[in-house]
Amino acid sequence: MPFAGVDFLQLDELLTEEERLVRDTFRRFVDDEILPVIGRHFREGTFDASWPRKLGSLGALGASLTGYGCAGLGPVAYGLIMQELERGDSGVRSFASVQGALVMYPIHSFGSEEQKQRWLPKMAAGEAIGCFGLTEPDFGSNPGGMRTTARRVGDTYVLNGEKRWITNGGLSDVAVVWAKTDEDGAGQGGAKSVRGFLVERGTPGFSTRDIHGKFSLRASVTSELIFEDCVVPASAMLPGVQGLRGPLSCLNQARFGISFGAIGAAMACYDEALRYTKDRKQFSRPLAGHQLVQAKLVDMLEEISKAQLLSLHLGRLKVAGTLRPAQISMAKRNNVRMALHIARNARDLLGANGITDEYQAGRHMCNLESVFTYEGTDHIHTLVIGEDITGIPAFD
Ligand SMILES: Cc1cc2nc3c(=O)[nH]c(=O)nc-3n(C[C@H](O)[C@H](O)[C@H](O)COP(=O)(O)OP(=O)(O)OC[C@H]3O[C@@H](n4cnc5c(N)ncnc54)[C@H](O)[C@@H]3O)c2cc1C
């Protein structure tokens with residue numbers, strides 16, 4: 001049965017025709033192409049190699065960027081794509097988020113014309129895949145401490161170091177890698193010396209190793225990137241940005257999309273719980289006829305509705321150019337918490353059936369644990385908002 005959406009507050013009326021059309025296109029895509037196979041991919045820990053080109057052909061990759069084969073959609077339409085993809089699976093949405101917001105966005109915003117021409121059209125079409133290497137084994141919430149270095153030698157840079165937990169790493173044709181340079185005036189290895197580099201698969205000294213045994217995001221590839229005296233031409237550096245502002249501005253784009261994505265996962269869980277509890281009888285009546293069950297369903301709907309309003313409003317602020325990073329932190333923090341809570345409650349309402357992969361809630365619940373941690377943990381977003389309201393930074 002096609003997914004009908006969750007729209008208690010008639011928010012559809014606030015969307016433009018284009019936004020509804022885009023949303024409905026991806027809603028059908030998820031119903032037809034993702035849901036029939038996602039259970040198998042999650043169980044087997046595989047990413048479907050056909051997804052990148054399919055997503056590319058529908059305009060999902062770098063959807064809010066303009067030119068170079070990108071769809072040039074507004075932020076709300078982009079967010080609604082993320083919502084629908086994550087209704088299918090957070091791993092599919094993660095693929096699109098990384099490709100668009102963390103790889104295409106920095107190339108588009110900070111890359112040379114040559115870098116843009118080389119990568120953006122192929123990435124928009126899903127013919128080339130990218131990854132974003134910021135996190136290291138010893139530096140997650142504190143990326144400024146990174147140890148990966150890029151030493152200038154003549155017309156080249158020599159990269160050494162290791163990145164970990166990198167989505168799409170093992171699939172990628174190109175990695176956006178953040179490393180500290182040693183050049184004068186760049187802060188001599190401090191956070192200000194961070195620069196972005198485009199490192200192509202096959203470059204000597206660059207290898208990847210996939211991480212296995214994940215409970216979460218099993219239909220997504222997560223890898224280590226290893227750089228051992230990896231020599232790239234000086235032209236591989238992203239010329240337009242220096243310091244942590246580079247990676248953090250990418251993360252803001254991705255977090256905005258994640259706030260919508262989490263709503264999709266929550267909708268899937270709520271919808272499943274509603275249908276299940278209306279169907280299954282205990283104590284001679286449908287589960288949905290018991291007061292405590294209704295209270296849980298109402299809580300879910302209420303939280304989804306509030307999250308929808310929050311993300312839609314942020315989308316409109318983004319169009320107006322007034323959206324602030326701390327506001328994105330609030331949406332990421334609230335909506336991912338909300339989705340995780342709903343996934344757990346949906347799993348509960350499904351009883352024992354909820355622990356099998358015949359149903360979606362358990363898969364979403366496990367996936368959302370990663371979403372809670374990546375793109376800034378729940379704690380870090382709390383501290384970002386805390387600093388915004390008090391003026392006192394509680395972390396560096
Ligand atoms: C599936 C998956 C995919 C990922 N994809 C990517 C990717 O594509 N590219 C990339 O660069 N990274 C990626 N990451 C990494 C992710 O961004 C990091 O895991 C995240 O930033 C947290 O870092 P950490 O895991 O080292 O945890 P830590 O930073 O060690 O944090 C552990 C705990 O300590 C808390 N903590 C840390 N510092 C503070 C503080 N100052 N105050 C209070 N609490 C604190 C955290 O909130 C958390 O609860 C991915 C992670 C996962 C799980």
# chains A, B, ... in the order shown; residues from 1 in each chain; ligands from 1

$ select_by_dssp --residues "stretch 262-339 of chain A" --states "helix (DSSP H, G or I)" --output "compact mmCIF listing (two decimals) with C-alpha atoms, in the first residue's frame"
# COMPACT_ATOMS: atom_id res chain seq x y z
CA ALA A 262 14.67 12.03 11.01
CA ILE A 263 11.02 12.99 10.49
CA GLY A 264 10.84 10.41 7.70
CA ALA A 265 12.11 7.63 9.96
CA ALA A 266 9.64 8.70 12.66
CA MET A 267 6.76 8.72 10.16
CA ALA A 268 7.59 5.19 9.05
CA CYS A 269 7.56 3.97 12.66
CA TYR A 270 4.37 5.81 13.60
CA ASP A 271 2.58 4.58 10.48
CA GLU A 272 3.65 1.01 11.15
CA ALA A 273 2.61 1.18 14.82
CA LEU A 274 -0.76 2.70 13.95
CA ARG A 275 -1.58 0.05 11.35
CA TYR A 276 -0.35 -2.79 13.56
CA THR A 277 -2.24 -1.71 16.68
CA LYS A 278 -5.47 -1.21 14.75
CA ASP A 279 -5.16 -4.72 13.36
CA LEU A 287 -4.49 -2.81 20.70
CA ALA A 288 -5.31 0.68 19.41
CA GLY A 289 -8.48 0.60 21.50
CA GLN A 291 -6.01 3.94 26.39
CA LEU A 292 -2.29 3.54 27.08
CA VAL A 293 -1.68 2.56 23.45
CA GLN A 294 -3.65 5.55 22.19
CA ALA A 295 -1.60 7.83 24.44
CA LYS A 296 1.60 6.53 22.85
CA LEU A 297 0.23 6.99 19.32
CA VAL A 298 -0.90 10.53 20.14
CA ASP A 299 2.51 11.40 21.59
CA MET A 300 4.13 10.14 18.38
CA LEU A 301 1.85 12.18 16.13
CA GLU A 302 2.26 15.30 18.25
CA GLU A 303 6.06 15.08 18.20
CA ILE A 304 6.15 14.44 14.44
CA SER A 305 3.88 17.43 13.84
CA LYS A 306 6.07 19.74 15.94
CA ALA A 307 9.21 18.51 14.17
CA GLN A 308 7.56 19.12 10.79
CA LEU A 309 6.82 22.72 11.78
CA LEU A 310 10.36 23.24 13.05
CA SER A 311 12.05 21.94 9.90
CA LEU A 312 9.67 23.71 7.55
CA HIS A 313 10.31 26.99 9.36
CA LEU A 314 14.07 26.48 9.17
CA GLY A 315 13.72 25.82 5.45
CA ARG A 316 11.96 29.14 5.01
CA LEU A 317 14.68 30.89 7.08
CA LYS A 318 17.29 29.28 4.83
CA VAL A 319 15.60 30.75 1.77
CA ALA A 320 15.55 34.15 3.48
CA PRO A 325 23.90 27.28 12.86
CA ALA A 326 22.49 27.13 16.41
CA GLN A 327 18.98 26.92 14.96
CA ILE A 328 20.08 23.96 12.81
CA SER A 329 21.53 22.40 15.98
CA MET A 330 18.12 22.69 17.62
CA ALA A 331 16.39 20.98 14.71
CA LYS A 332 18.97 18.18 14.47
CA ARG A 333 18.89 17.62 18.24
CA ASN A 334 15.12 17.75 18.61
CA ASN A 335 14.17 15.77 15.54
CA VAL A 336 16.66 12.94 16.00
CA ARG A 337 15.73 12.59 19.69
CA MET A 338 12.08 12.59 18.66
CA ALA A 339 12.59 9.95 15.96

$ residues_near_ligand --ligand "ligand 1" --cutoff "9 Å" --atoms "only C-alpha atoms and all ligand atoms" --output "JSON, numbers by chain"
{"A": [91, 94, 95, 98, 102, 131, 132, 133, 134, 135, 136, 137, 138, 139, 140, 141, 142, 143, 163, 164, 165, 166, 167, 168, 169, 177, 178, 214, 216, 217, 218, 220, 221, 222, 223, 247, 367, 369, 370, 371, 372, 373, 374, 375, 376, 377, 378, 379, 380, 381, 382, 383, 394, 395, 396]}

$ residues_around --residues "stretch 116-122 of chain A" --least-positions-apart "3" --cutoff "10 Å" --atoms "only C-alpha atoms" --output "MDAnalysis selection string"
chainID A and resid 53 56 61:62 65 67:70 100 103:113 125:130 173:174 198

$ closest_residue --among "A:Cys366, A:Ile211, A:Leu238, A:Leu225" --to "A:Ser172" --atoms "only C-alpha atoms"
A:Leu225

$ select_by_dssp --residues "stretch 141-338 of chain A" --states "strand (DSSP E)" --output "ChimeraX atom specification"
/A:149-153,156-167,174-181,194-200,206-210,222-233,281-282,285-286

$ write_last_selection --atoms "C-alpha atoms" --output "mmCIF file, in the first residue's frame"
data_model
loop_
_atom_site.group_PDB
_atom_site.id
_atom_site.type_symbol
_atom_site.label_atom_id
_atom_site.label_comp_id
_atom_site.auth_asym_id
_atom_site.auth_seq_id
_atom_site.Cartn_x
_atom_site.Cartn_y
_atom_site.Cartn_z
ATOM 1 C CA THR A 149 48.711 16.278 7.858
ATOM 2 C CA ALA A 150 49.322 17.628 4.362
ATOM 3 C CA ARG A 151 52.961 18.663 3.898
ATOM 4 C CA ARG A 152 53.783 20.939 0.986
ATOM 5 C CA VAL A 153 56.558 19.532 -1.210
ATOM 6 C CA THR A 156 52.440 18.647 -4.351
ATOM 7 C CA TYR A 157 51.069 17.866 -0.898
ATOM 8 C CA VAL A 158 52.004 14.691 0.951
ATOM 9 C CA LEU A 159 49.153 13.375 3.110
ATOM 10 C CA ASN A 160 49.639 11.172 6.164
ATOM 11 C CA GLY A 161 47.029 10.053 8.672
ATOM 12 C CA GLU A 162 43.846 8.082 9.150
ATOM 13 C CA LYS A 163 40.140 8.895 8.974
ATOM 14 C CA ARG A 164 37.505 6.640 10.541
ATOM 15 C CA TRP A 165 33.738 6.171 10.372
ATOM 16 C CA ILE A 166 33.583 7.527 6.836
ATOM 17 C CA THR A 167 30.248 6.978 5.059
ATOM 18 C CA VAL A 174 36.893 10.779 -4.614
ATOM 19 C CA ALA A 175 37.354 11.680 -0.950
ATOM 20 C CA VAL A 176 37.131 15.190 0.478
ATOM 21 C CA VAL A 177 39.850 14.932 3.121
ATOM 22 C CA TRP A 178 40.473 17.534 5.814
ATOM 23 C CA ALA A 179 44.106 17.800 6.926
ATOM 24 C CA LYS A 180 46.440 20.228 8.681
ATOM 25 C CA THR A 181 48.981 21.972 6.495
ATOM 26 C CA VAL A 194 42.989 22.827 8.151
ATOM 27 C CA ARG A 195 42.474 22.569 4.381
ATOM 28 C CA GLY A 196 40.328 20.324 2.209
ATOM 29 C CA PHE A 197 41.842 18.018 -0.442
ATOM 30 C CA LEU A 198 40.232 15.967 -3.188
ATOM 31 C CA VAL A 199 41.920 12.578 -3.134
ATOM 32 C CA GLU A 200 41.014 10.216 -5.950
ATOM 33 C CA PHE A 206 45.592 6.058 -0.291
ATOM 34 C CA SER A 207 43.604 2.997 0.758
ATOM 35 C CA THR A 208 40.247 2.254 2.395
ATOM 36 C CA ARG A 209 39.074 -0.491 4.745
ATOM 37 C CA ASP A 210 35.369 -1.099 5.440
ATOM 38 C CA THR A 222 31.262 2.921 6.581
ATOM 39 C CA SER A 223 35.036 2.859 6.211
ATOM 40 C CA GLU A 224 38.474 3.915 7.288
ATOM 41 C CA LEU A 225 40.603 6.055 4.961
ATOM 42 C CA ILE A 226 44.345 5.532 5.267
ATOM 43 C CA PHE A 227 46.990 7.953 3.931
ATOM 44 C CA GLU A 228 50.615 6.806 3.875
ATOM 45 C CA ASP A 229 52.859 9.328 2.108
ATOM 46 C CA CYS A 230 50.000 9.924 -0.308
ATOM 47 C CA VAL A 231 51.104 12.493 -2.881
ATOM 48 C CA VAL A 232 48.466 14.719 -4.498
ATOM 49 C CA PRO A 233 49.035 17.695 -6.811
ATOM 50 C CA LYS A 281 -6.357 -7.731 19.057
ATOM 51 C CA GLN A 282 -5.532 -8.358 22.719
ATOM 52 C CA ARG A 285 -10.222 -5.468 21.223
ATOM 53 C CA PRO A 286 -7.646 -3.924 18.916
#

$ closest_residue --among "A:Arg324, A:Thr25, A:Met1, A:Glu358" --to "A:Ser249" --atoms "only C-alpha atoms"
A:Arg324

$ atom_distance --atom1 "atom CA of A:Arg40" --atom2 "atom CA of A:Leu80"
25.3 Å

$ closest_residue --among "A:Asp89, A:Asp388, A:Glu114, A:Glu183" --to "A:Phe42" --atoms "only C-alpha atoms"
A:Asp89

$ closest_residue --among "A:Asp48, A:Phe260, A:Gln115, A:Leu9" --to "A:Arg23" --atoms "only C-alpha atoms"
A:Phe260
